[in-house]
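Structure file input-v6.txt (compact mmCIF, C-alpha atoms) follows.
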```
# COMPACT_ATOMS: atom_id res chain seq x y z
CA MET V 510 9.00 1.94 32.79
CA GLN V 511 7.55 2.20 29.32
CA PRO V 512 6.55 5.61 27.94
CA GLU V 513 3.05 6.73 27.07
CA GLY V 514 2.78 4.86 23.79
CA PHE V 515 3.96 7.29 21.12
CA ALA V 516 4.42 5.59 17.82
CA ILE V 517 7.84 6.32 16.29
CA PRO V 518 10.62 7.39 18.66
CA ALA V 519 12.61 9.06 15.90
CA ALA V 520 9.75 11.32 14.79
CA ARG V 521 10.18 13.91 17.54
CA THR V 522 10.10 17.21 15.70
CA ARG V 523 7.77 19.01 13.33
CA GLY V 524 7.36 22.39 11.73
CA TYR V 525 7.44 25.55 13.81
CA GLU V 526 4.16 26.62 12.21
CA LEU V 527 2.22 23.81 13.85
CA SER V 528 3.78 24.45 17.26
CA ALA V 529 2.99 28.15 16.90
CA LEU V 530 -0.62 27.23 16.11
CA VAL V 531 -0.88 25.05 19.23
CA ILE V 532 0.58 27.79 21.41
CA LEU V 533 -1.75 30.41 19.91
CA TRP V 534 -4.76 28.13 20.43
CA SER V 535 -3.73 27.34 24.01
CA THR V 536 -3.16 31.01 24.79
CA ALA V 537 -6.57 32.01 23.41
CA PHE V 538 -8.30 29.30 25.43
CA MET V 539 -6.54 30.11 28.70
CA ALA V 540 -7.17 33.84 28.25
CA LEU V 541 -10.91 33.24 27.81
CA SER V 542 -10.92 30.75 30.68
CA ALA V 543 -9.50 33.47 32.95
CA LEU V 544 -12.88 35.20 32.60
CA VAL V 545 -14.21 32.17 34.50
CA ASP V 546 -18.03 32.19 34.33
CA PHE V 547 -18.42 35.84 33.29
CA PRO V 548 -19.34 34.80 29.69
CA ILE V 549 -22.53 33.19 31.07
CA GLN V 550 -23.90 36.73 31.31
CA LEU V 551 -23.51 37.17 27.54
CA ASN V 552 -26.29 35.82 25.33
CA PHE V 553 -26.03 34.62 21.74
CA GLY V 554 -29.56 33.61 20.90
CA GLN V 555 -30.45 30.59 23.04
CA PHE V 556 -26.83 30.03 24.08
CA SER V 557 -24.65 31.77 26.65
CA GLY V 558 -21.20 33.07 25.90
CA LEU V 559 -19.71 30.22 27.95
CA ALA V 560 -21.57 27.65 25.84
CA VAL V 561 -20.23 29.29 22.66
CA ILE V 562 -16.67 29.19 24.04
CA THR V 563 -17.09 25.54 25.04
CA VAL V 564 -18.36 24.40 21.65
CA SER V 565 -15.84 26.54 19.74
CA PHE V 566 -12.82 25.12 21.56
CA PHE V 567 -14.21 21.59 21.42
CA LEU V 568 -14.52 21.76 17.63
CA SER V 569 -11.28 23.65 17.04
CA GLY V 570 -9.47 21.38 19.51
CA LEU V 571 -10.80 18.31 17.73
CA ALA V 572 -9.53 19.61 14.40
CA LEU V 573 -6.15 20.50 15.91
CA SER V 574 -5.78 17.12 17.61
CA LEU V 575 -6.51 15.34 14.32
CA LEU V 576 -3.87 17.46 12.58
CA LEU V 577 -1.36 16.63 15.31
CA ALA V 578 -2.26 12.94 15.04
CA ILE V 579 -1.33 13.01 11.35
CA LYS V 580 1.99 14.72 11.99
CA GLN V 581 2.84 12.82 15.18
CA PRO V 582 0.66 9.90 16.32
CA CYS V 583 -0.12 9.97 20.02
CA ARG V 584 -1.61 7.08 22.00
CA LEU V 585 -1.90 7.70 25.72
CA ARG V 586 -2.46 4.18 27.02
CA SER V 587 -3.01 5.22 30.63
CA ILE V 588 -6.13 7.25 29.81
CA TRP V 589 -7.92 4.51 27.86
CA PRO V 590 -10.24 3.74 30.82
CA PHE V 591 -11.09 7.44 30.98
CA ARG V 592 -11.75 7.39 27.25
CA ALA V 593 -14.10 4.44 27.81
CA PHE V 594 -15.98 6.55 30.35
CA VAL V 595 -16.37 9.42 27.87
CA ILE V 596 -17.52 7.01 25.15
CA PHE V 597 -20.12 5.56 27.51
CA LEU V 598 -21.19 9.08 28.45
CA ALA V 599 -21.69 9.92 24.77
CA ALA V 600 -23.55 6.64 24.17
CA SER V 601 -25.96 7.48 27.00
CA LEU V 602 -27.34 10.26 24.81
CA LEU V 603 -29.34 7.48 23.15
CA TRP V 604 -31.46 7.00 26.29
CA THR V 605 -31.19 10.33 28.06
CA THR V 606 -34.25 12.27 29.17
CA ALA V 607 -32.46 15.63 28.65
CA LEU V 608 -30.68 15.56 25.30
CA LEU V 609 -29.46 19.19 25.17
CA ASN V 610 -27.98 19.06 28.68
CA GLY V 611 -26.44 15.71 27.86
CA ILE V 612 -24.77 17.02 24.71
CA GLN V 613 -23.27 19.91 26.67
CA ASN V 614 -21.88 17.53 29.31
CA ALA V 615 -20.47 15.18 26.68
CA ILE V 616 -18.76 18.08 24.90
CA VAL V 617 -16.96 19.19 28.08
CA ALA V 618 -15.85 15.63 28.91
CA GLY V 619 -14.70 15.12 25.32
CA ALA V 620 -12.88 18.46 25.37
CA MET V 621 -10.88 17.37 28.41
CA LEU V 622 -9.62 14.33 26.48
CA ILE V 623 -8.84 16.47 23.44
CA PHE V 624 -6.88 18.94 25.56
CA MET V 625 -4.86 16.06 27.05
CA SER V 626 -4.02 14.81 23.57
CA ILE V 627 -2.95 18.24 22.34
CA GLY V 628 -0.86 18.93 25.43
CA ALA V 629 0.87 15.54 25.24
CA SER V 630 1.62 15.77 21.54
CA GLU V 631 3.01 19.30 21.74
CA ALA V 632 5.11 18.68 24.86
CA ARG V 633 6.64 15.65 23.23
CA ALA V 634 7.60 17.59 20.11
CA ASN V 635 8.42 20.91 21.77
CA PRO V 636 10.39 20.74 25.05
CA SER V 637 9.54 24.35 25.91
CA PHE V 638 5.79 23.74 25.86
CA VAL V 639 5.69 22.83 29.56
CA ARG V 640 7.15 26.26 30.34
CA THR V 641 4.50 27.78 28.07
CA VAL V 642 1.77 26.01 30.04
CA GLU V 643 3.27 27.18 33.33
CA ASN V 644 3.39 30.78 32.11
CA LEU V 645 -0.19 30.60 30.86
CA VAL V 646 -1.45 29.21 34.17
CA GLN V 647 0.49 31.85 36.12
CA ARG V 648 -0.58 34.85 34.05
CA CYS V 649 -4.20 33.80 33.64
CA THR V 650 -4.50 33.11 37.36
CA ILE V 651 -3.17 36.59 38.09
CA PHE V 652 -5.64 38.09 35.61
CA ALA V 653 -8.56 36.26 37.26
CA CYS V 654 -7.32 37.42 40.68
CA VAL V 655 -7.13 41.04 39.52
CA LEU V 656 -10.63 40.78 38.10
CA TYR V 657 -11.99 39.31 41.30
CA SER V 658 -10.08 41.82 43.45
CA ILE V 659 -11.95 44.59 41.64
CA SER V 660 -15.18 42.80 42.53
CA LEU V 661 -14.07 42.58 46.17
CA VAL V 662 -13.35 46.31 46.31
CA LEU V 663 -16.65 47.24 44.70
CA TYR V 664 -18.99 44.67 46.25
CA GLY V 665 -17.24 43.07 49.22
CA SER V 666 -16.26 39.51 50.17
CA GLY V 667 -18.11 36.66 48.50
CA SER V 668 -19.04 38.86 45.55
CA ASN V 669 -20.66 37.23 42.50
CA GLU V 670 -21.32 40.41 40.53
CA ILE V 671 -18.47 40.19 37.98
CA ILE V 672 -17.45 36.54 38.20
CA GLY V 673 -18.87 33.88 40.47
CA ALA V 674 -17.05 33.25 43.74
CA ARG V 675 -17.21 29.45 43.40
CA GLY V 676 -16.06 29.52 39.78
CA PHE V 677 -13.20 31.85 40.70
CA GLY V 678 -12.10 29.51 43.49
CA LEU V 679 -12.07 26.50 41.17
CA PHE V 680 -10.14 28.34 38.45
CA VAL V 681 -7.44 29.61 40.82
CA LEU V 682 -6.62 26.15 42.23
CA PRO V 683 -4.28 25.25 39.31
CA GLY V 684 -2.28 28.43 40.02
CA ILE V 685 -1.99 27.41 43.67
CA ALA V 686 -0.92 23.88 42.70
CA LEU V 687 1.69 25.22 40.26
CA HIS V 688 3.37 27.42 42.85
CA LEU V 689 3.20 24.84 45.61
CA ALA V 690 5.02 22.41 43.31
CA ARG V 691 7.64 25.08 42.63
CA TRP V 692 7.98 25.75 46.35
CA ARG V 693 8.64 22.07 47.04
CA TYR V 694 11.57 22.22 44.63
CA GLY V 695 13.24 25.23 46.17
CA LYS V 696 11.50 28.32 44.73
CA SER V 697 10.51 30.48 47.71
CA SER V 698 8.44 32.72 45.42
CA GLY V 699 6.12 29.74 44.99
CA LEU V 700 5.02 29.99 48.62
CA VAL V 701 4.40 33.74 48.25
CA TRP V 702 2.22 33.36 45.16
CA ALA V 703 0.34 30.33 46.53
CA THR V 704 -0.42 32.26 49.73
CA ILE V 705 -1.67 35.32 47.83
CA PHE V 706 -3.98 33.20 45.68
CA THR V 707 -5.27 31.29 48.72
CA VAL V 708 -6.04 34.52 50.60
CA LEU V 709 -8.13 35.70 47.65
CA VAL V 710 -9.94 32.36 47.59
CA ALA V 711 -10.72 32.85 51.29
CA ALA V 712 -12.01 36.37 50.52
CA SER V 713 -14.32 34.87 47.90
CA LEU V 714 -15.90 32.76 50.71
CA SER V 715 -15.60 29.68 48.49
CA ARG V 716 -15.39 27.06 51.21
CA LEU V 717 -14.67 24.02 49.06
CA ALA V 718 -11.93 25.76 47.06
CA LEU V 719 -10.36 27.04 50.29
CA GLY V 720 -10.41 23.57 51.81
CA ILE V 721 -8.80 22.08 48.69
CA ALA V 722 -6.15 24.81 48.64
CA ILE V 723 -5.26 24.01 52.25
CA ALA V 724 -5.10 20.29 51.40
CA LEU V 725 -2.76 21.07 48.50
CA PHE V 726 -0.41 22.92 50.84
CA LEU V 727 -0.07 19.76 52.90
CA LEU V 728 0.02 17.25 50.03
CA SER V 729 2.56 19.19 47.98
CA GLN V 730 5.12 19.15 50.78
CA TRP V 731 4.46 15.74 52.21
CA SER V 732 7.41 13.37 52.56
CA ALA V 733 8.41 10.65 55.01
CA GLN V 734 11.96 10.14 53.77
CA SER V 735 13.89 11.92 56.52
CA PHE V 736 13.50 13.36 60.01
CA ARG V 737 14.08 16.86 58.64
CA LYS V 738 11.26 16.55 56.15
CA ILE V 739 8.95 15.02 58.75
CA ALA V 740 9.67 17.94 61.08
CA ARG V 741 9.00 20.43 58.28
CA ASN V 742 5.69 18.69 57.51
CA PHE V 743 4.69 18.90 61.17
CA ILE V 744 5.51 22.62 61.31
CA LEU V 745 3.56 23.19 58.10
CA LEU V 746 0.59 21.33 59.56
CA LEU V 747 0.68 23.57 62.65
CA VAL V 748 0.88 26.72 60.52
CA VAL V 749 -2.03 25.64 58.31
CA THR V 750 -4.13 24.64 61.33
CA GLY V 751 -3.41 27.96 63.01
CA SER V 752 -4.29 29.83 59.83
CA ILE V 753 -7.62 28.03 59.57
CA TYR V 754 -8.42 28.79 63.19
CA GLY V 755 -7.47 32.45 62.76
CA ALA V 756 -9.50 32.81 59.58
CA LEU V 757 -12.63 31.31 61.16
CA THR V 758 -12.15 33.33 64.34
CA TYR V 759 -11.47 36.79 62.92
CA PHE V 760 -13.09 36.64 59.46
CA ASP V 761 -16.78 36.80 60.33
CA ALA V 762 -18.09 36.45 56.78
CA LEU V 763 -16.06 33.28 56.21
CA ARG V 764 -17.11 31.76 59.54
CA GLU V 765 -20.78 32.44 58.80
CA ARG V 766 -20.45 30.74 55.42
CA PHE V 767 -19.28 27.60 57.21
CA VAL V 768 -21.51 27.39 60.28
CA THR V 769 -24.76 29.26 59.54
CA GLY V 770 -27.60 28.62 57.12
CA ASP V 771 -28.31 25.04 56.04
CA ILE V 772 -26.23 23.04 58.57
CA SER V 773 -27.63 19.60 57.70
CA LEU V 774 -24.11 18.16 57.47
CA HIS V 775 -22.36 17.58 60.80
CA LEU V 776 -18.79 16.77 61.76
CA GLY V 777 -19.17 15.65 65.34
CA GLU V 778 -20.97 18.46 67.13
CA ILE V 779 -20.10 21.04 64.48
CA GLY V 780 -22.74 21.83 61.87
CA ILE V 781 -21.46 22.62 58.38
CA ASN V 782 -23.35 24.84 55.96
CA VAL V 783 -23.87 22.83 52.76
CA SER V 784 -26.09 25.44 51.03
CA GLY V 785 -29.03 23.09 50.53
CA ARG V 786 -26.95 20.42 48.80
CA ILE V 787 -28.36 17.63 50.96
CA ASN V 788 -31.79 18.27 49.44
CA PHE V 789 -30.40 18.09 45.88
CA TRP V 790 -28.55 14.88 46.68
CA LYS V 791 -31.58 13.17 48.21
CA VAL V 792 -33.72 13.86 45.15
CA ALA V 793 -31.01 12.66 42.75
CA LEU V 794 -30.24 9.49 44.74
CA GLU V 795 -33.92 8.54 44.93
CA SER V 796 -34.15 8.93 41.16
CA PHE V 797 -30.91 6.95 40.71
CA LEU V 798 -32.51 3.91 42.38
CA GLU V 799 -35.04 3.76 39.54
CA SER V 800 -32.27 2.95 37.03
CA PRO V 801 -29.16 1.99 39.00
CA TRP V 802 -27.06 0.12 36.43
CA PHE V 803 -26.97 2.36 33.35
CA GLY V 804 -28.56 5.54 34.68
CA LYS V 805 -31.02 7.82 32.96
CA GLY V 806 -28.55 9.29 30.46
CA ALA V 807 -26.20 12.26 30.29
CA GLY V 808 -27.77 15.52 31.47
CA SER V 809 -30.74 13.87 33.19
CA THR V 810 -29.62 15.01 36.65
CA GLU V 811 -29.81 18.65 35.59
CA ALA V 812 -33.32 18.18 34.25
CA LEU V 813 -34.35 16.51 37.51
CA ILE V 814 -32.90 19.26 39.72
CA GLU V 815 -34.49 21.98 37.57
CA ALA V 816 -37.87 20.28 37.95
CA TYR V 817 -37.66 20.24 41.76
CA PHE V 818 -35.79 23.43 42.68
CA LEU V 819 -36.23 27.04 41.57
CA ASP V 820 -33.16 28.59 39.89
CA ILE V 821 -31.03 25.50 40.65
CA ARG V 822 -29.69 23.44 37.77
CA HIS V 823 -26.84 21.25 39.00
CA PRO V 824 -26.61 18.65 41.80
CA HIS V 825 -23.39 20.18 43.23
CA ASN V 826 -21.84 16.72 43.41
CA ASP V 827 -20.39 15.21 40.26
CA TYR V 828 -20.24 11.70 41.70
CA ILE V 829 -24.01 11.77 42.24
CA ARG V 830 -24.31 13.22 38.73
CA ILE V 831 -22.35 10.28 37.30
CA ALA V 832 -24.37 7.74 39.32
CA HIS V 833 -27.71 9.23 38.22
CA ASP V 834 -26.75 9.78 34.59
CA LEU V 835 -24.61 6.69 33.94
CA GLY V 836 -25.40 4.32 36.78
CA ILE V 837 -23.06 1.90 38.49
CA VAL V 838 -21.40 1.08 35.17
CA GLY V 839 -20.49 4.74 34.67
CA LEU V 840 -19.18 5.06 38.23
CA ILE V 841 -16.94 2.02 37.75
CA LEU V 842 -15.58 3.36 34.46
CA TRP V 843 -14.92 6.76 36.03
CA THR V 844 -13.22 5.29 39.10
CA VAL V 845 -10.96 3.00 37.09
CA GLY V 846 -10.14 5.81 34.66
CA ILE V 847 -9.20 8.39 37.27
CA LEU V 848 -7.22 5.89 39.37
CA CYS V 849 -5.21 4.79 36.32
CA LEU V 850 -4.48 8.43 35.52
CA LEU V 851 -3.42 9.16 39.11
CA TRP V 852 -1.14 6.15 39.24
CA ARG V 853 0.54 7.03 35.94
CA LEU V 854 1.14 10.62 36.98
CA PHE V 855 2.50 9.52 40.34
CA ARG V 856 4.98 7.10 38.70
CA ASN V 857 6.01 9.73 36.15
CA TRP V 858 6.60 12.25 38.94
CA LYS V 859 8.78 9.92 41.00
CA GLN V 860 10.81 8.93 37.94
CA MET V 861 11.36 12.46 36.64
CA GLU V 862 12.07 13.76 40.13
CA ARG V 863 15.24 11.67 40.08
CA GLN V 864 16.26 13.15 36.72
CA SER V 865 15.52 16.85 37.11
CA ARG V 866 14.10 19.04 39.86
CA GLU V 867 12.47 21.29 37.26
CA ASP V 868 10.82 18.39 35.41
CA GLY V 869 9.75 16.88 38.74
CA SER V 870 8.04 20.14 39.65
CA PHE V 871 5.81 20.07 36.57
CA GLN V 872 4.92 16.41 37.08
CA LEU V 873 3.92 17.15 40.69
CA PHE V 874 1.85 20.10 39.45
CA ALA V 875 -0.10 17.78 37.12
CA LEU V 876 -0.61 15.23 39.89
CA LEU V 877 -1.92 17.89 42.29
CA LEU V 878 -4.31 19.12 39.58
CA VAL V 879 -5.96 15.71 39.31
CA VAL V 880 -6.18 15.39 43.11
CA ALA V 881 -7.81 18.84 43.27
CA TYR V 882 -10.24 17.85 40.49
CA ILE V 883 -11.30 14.72 42.39
CA LEU V 884 -11.96 16.83 45.49
CA GLU V 885 -13.79 19.54 43.53
CA MET V 886 -16.29 16.97 42.29
CA THR V 887 -17.46 16.17 45.83
CA MET V 888 -19.48 19.37 46.26
CA GLU V 889 -19.24 21.23 42.96
CA ASN V 890 -19.99 20.82 39.25
CA ALA V 891 -16.39 20.79 38.04
CA MET V 892 -16.87 18.22 35.28
CA VAL V 893 -19.28 20.43 33.31
CA TYR V 894 -17.17 23.62 33.38
CA ILE V 895 -14.76 24.05 30.47
CA PHE V 896 -12.71 26.63 32.41
CA VAL V 897 -11.99 23.88 34.97
CA CYS V 898 -11.58 20.81 32.74
CA GLY V 899 -9.67 22.49 29.91
CA PRO V 900 -6.66 23.78 31.89
CA ILE V 901 -6.41 20.47 33.74
CA GLY V 902 -6.47 18.49 30.50
CA LEU V 903 -3.84 20.71 28.86
CA ALA V 904 -1.45 20.55 31.84
CA VAL V 905 -1.89 16.81 32.46
CA GLY V 906 -1.32 16.07 28.78
CA ALA V 907 1.79 18.26 28.72
CA ALA V 908 3.16 16.40 31.76
CA MET V 909 2.67 13.05 30.04
CA GLY V 910 4.24 14.31 26.84
CA ALA V 911 7.24 15.72 28.70
CA HIS V 912 7.79 12.40 30.47
CA THR V 913 7.67 10.52 27.17
CA ARG V 914 10.14 12.89 25.54
CA LEU V 915 12.62 12.43 28.39
CA TYR V 916 12.29 8.64 28.11
CA LEU V 917 12.86 8.69 24.36
CA ASP V 918 15.78 11.11 24.63
CA ARG V 919 17.48 8.78 27.09
CA ARG V 920 16.73 5.81 24.82
CA ILE V 921 18.24 7.54 21.82
CA GLN V 922 21.30 8.65 23.82
CA SER V 923 21.76 5.08 25.04
CA GLY V 924 21.54 3.83 21.46
CA ASN V 925 24.09 6.39 20.28
CA SER V 926 26.45 5.38 23.09
CA LEU V 927 26.20 1.72 22.10
CA GLU V 928 26.78 2.60 18.45
CA ALA V 929 29.86 4.65 19.37
CA ALA V 930 31.19 1.79 21.49
CA ARG V 931 31.00 -0.52 18.51
```
Would you kindly transcribe this structure into structure tokens?
Amino acid sequence: MQPEGFAIPAARTRGYELSALVILWSTAFMALSALVDFPIQLNFGQFSGLAVITVSFFLSGLALSLLLAIKQPCRLRSIWPFRAFVIFLAASLLWTTALLNGIQNAIVAGAMLIFMSIGASEARANPSFVRTVENLVQRCTIFACVLYSISLVLYGSGSNEIIGARGFGLFVLPGIALHLARWRYGKSSGLVWATIFTVLVAASLSRLALGIAIALFLLSQWSAQSFRKIARNFILLLVVTGSIYGALTYFDALRERFVTGDISLHLGEIGINVSGRINFWKVALESFLESPWFGKGAGSTEALIEAYFLDIRHPHNDYIRIAHDLGIVGLILWTVGILCLLWRLFRNWKQMERQSREDGSFQLFALLLVVAYILEMTMENAMVYIFVCGPIGLAVGAAMGAHTRLYLDRRIQSGNSLEAAR
């Protein structure tokens, strides 16, 4: 299998100063991301603190990625369809009905691509960068959990006073994915950490994040290669099912979040609380039919929802957002882009799993991140939050860069062996 399209195999190292700059930049971003949506409460003129962070890291990341491109060209072929989606998103600003919202959305989508590029370039040049990313995800997840635990003690379950419960749940998912990947490859501490993080997500009453966390438990351990692994998967399924039943039975606040309130969504005879989302979706889909092919432009969904609902800005479904803003063309570009990315990560994981358990763990982590992101978009606004998209982009890029470095190292070693044989 060919690597991810880096230009010159021999050019694999660069100055320590540039690597130090990338690590410093990544650390600063992850540390601020661990505040989740708390910066929204800070105002800088007409902009919130989160908007300032988003624009600052977009611009600084763009400059850093250009500098890295000069020192070490990086062409990730597998994300070209995703790039096409972002380009189309930016082009839609020409016909959008909500220019400011559209610019904000385009910046976050562009930042995700930039973070992928930086992560890939650095991991290819610096083998220890994947460990740096792991440490940043671990420590920043713990920091966010400590911050939210304080909120739980002061204000109770489901608290939104310090940081939002939904934002907290989305931010913690990478930490859960990281430790579940480690657990699969023999680190029992991974199960402990993943369980602790998941319990805190449950205490936040973030239903979608909890559901995704449970799905990650199952997906991370899934295998059909031997009877032993099949038996382990079955036992894990029973444990997870029992845990869900126990949580809904004995945790009243969590049960009420699921089955009381707006129960317009039904699974069989069970009504599911969707917090009014059905109403948002109906309005957006009716508007989508007015311009189905190219949409009404980036940010137009937010303007529509704001016009219909008090204190509500987002549709709480990014697929409906894409359909309304970018039409069928945008949905096709997104689907092709994300499927290409998933397939590449899956192939990289299976290949590196055969080479190294440690390298396989990080590749699985990146794959689980993208799966979680796809699920987050079903009932949340993940694609417009920099504290969600940024960490995913950085980790996925690092995974691709690490895979490329391993491929090139083996190629060089093979060449040296042939030269020695001559």
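In terms of minimum interatomic distance to Leu527 (chain V), V:Asn635 ranks closest within V:Asn635, V:Leu608, V:Val708, V:Ile588, counting only C-alpha atoms.
Closest approach to Phe652 (chain V) among V:Val792, V:Leu585, V:Leu544, V:Met909: V:Leu544, based on only C-alpha atoms.
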How close does each residue of region 578-622 of chain V get to region 830-851 of chain V, giving the shortest atom pair and distance in Å to one decimal for every residue with an atom at most 8 Å away, counting all atoms listed in the file, sorted by chain and residue number, as JSON lines?
```
{"residue": "V:Ser587", "atom": "CA", "partner": "V:Leu850", "partner_atom": "CA", "distance": 6.0}
{"residue": "V:Ile588", "atom": "CA", "partner": "V:Leu850", "partner_atom": "CA", "distance": 6.1}
{"residue": "V:Trp589", "atom": "CA", "partner": "V:Gly846", "partner_atom": "CA", "distance": 7.3}
{"residue": "V:Pro590", "atom": "CA", "partner": "V:Gly846", "partner_atom": "CA", "distance": 4.4}
{"residue": "V:Phe591", "atom": "CA", "partner": "V:Gly846", "partner_atom": "CA", "distance": 4.1}
{"residue": "V:Arg592", "atom": "CA", "partner": "V:Gly846", "partner_atom": "CA", "distance": 7.7}
{"residue": "V:Ala593", "atom": "CA", "partner": "V:Leu842", "partner_atom": "CA", "distance": 6.9}
{"residue": "V:Phe594", "atom": "CA", "partner": "V:Leu842", "partner_atom": "CA", "distance": 5.2}
{"residue": "V:Phe597", "atom": "CA", "partner": "V:Gly839", "partner_atom": "CA", "distance": 7.2}
{"residue": "V:Leu598", "atom": "CA", "partner": "V:Leu835", "partner_atom": "CA", "distance": 6.9}
{"residue": "V:Ser601", "atom": "CA", "partner": "V:Leu835", "partner_atom": "CA", "distance": 7.1}
{"residue": "V:Thr605", "atom": "CA", "partner": "V:Asp834", "partner_atom": "CA", "distance": 7.9}
```
Enclose region 872-878 of chain V, meaning all of its atoms listed in the file, in a box aligned along x, y and z, pad it by 5 Å on each side, and list the centre and edge lengths in Å to one decimal, as lines of an AutoDock Vina configuration file.
```
center_x = 0.3
center_y = 17.7
center_z = 39.7
size_x = 19.2
size_y = 14.9
size_z = 15.2
```
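With only C-alpha atoms as the atoms that count, the minimum distance from Arg633 (chain V) to the choices V:Ala911, V:Ile659, V:Ala816, V:Ile612 is reached by V:Ala911.
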Report the distance between CA of Trp852 (chain V) and CA of Leu876 (chain V) in Å, rounded to one decimal place. 9.1 Å
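Atom pair CA of Pro900 (chain V) / CA of Ala572 (chain V): separated by 18.2 Å.
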What is the CA of Leu573 (chain V) to CA of Val905 (chain V) distance in Å? 17.5 Å
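When only C-alpha atoms are used to measure the gap to Thr704 (chain V), the shortest distance among V:Asn644, V:Leu689, V:Ser870, V:Gly554 belongs to V:Leu689.
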Could you give me, as a VMD selection string, the residues that have an atom at most 12 Å away from the point (-13.7, 26.4, 19.6) in the coordinates of the file, using only C-alpha atoms? chain V and resid 534 to 535 537 to 538 541 558 to 573 616 to 617 620 623 to 624 895 899
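Within the 10 Å cut-off around Asn614 (chain V), using only C-alpha atoms and omitting residues fewer than 4 positions from it on the same chain, the listed residues are V:Val595, V:Leu598, V:Ala599, V:Leu608, V:Leu609, V:Asn610, V:Ala618, V:Gly619, V:Ala620, V:Ala807, V:Gly808, V:Met892, V:Val893, V:Tyr894, V:Ile895.
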Identify which of the residues V:Tyr882, V:Phe855, V:Phe874, V:Trp790 lies closest to Tyr694 (chain V), counting only C-alpha atoms when measuring atom-to-atom distances. V:Phe874
So that I can check the surroundings of Trp702 (chain V), please list as a list in words every protein, DNA and RNA residue that reaches within 9 Å of it, counting all atoms listed in the file and ignoring chain neighbours fewer than 4 positions away. Gly684, Ile685, His688, Leu689, Ser698, Phe706 and Thr707 of chain V
For Ala607 (chain V), list every protein, DNA or RNA residue within 7 Å, evaluated using only C-alpha atoms, and leave out those in the same chain fewer than 4 positions away; present the list as a PyMOL selection string. chain V and resi 611+808-809+812
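Using all atoms listed in the file for every distance, the candidate list V:Leu602, V:Leu576, V:Ser713, V:Asn552 yields V:Leu602 as the residue closest to Phe803 (chain V).
Contact shell of Leu728 (chain V) at 10 Å (all atoms listed in the file; same-chain neighbours under 6 positions omitted): Ala686, Leu689, Ala690, Ala722, Asn742, Leu877 and Val880 of chain V.
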Determine, counting all atoms listed in the file, which protein, DNA and RNA residues have an atom within 12 Å of an atom of Glu795 (chain V); residues of the same chain fewer than 6 positions away are not included. Present the result as a PyMOL selection string. chain V and resi 788-789+801+804+810+813-814+829+832-833
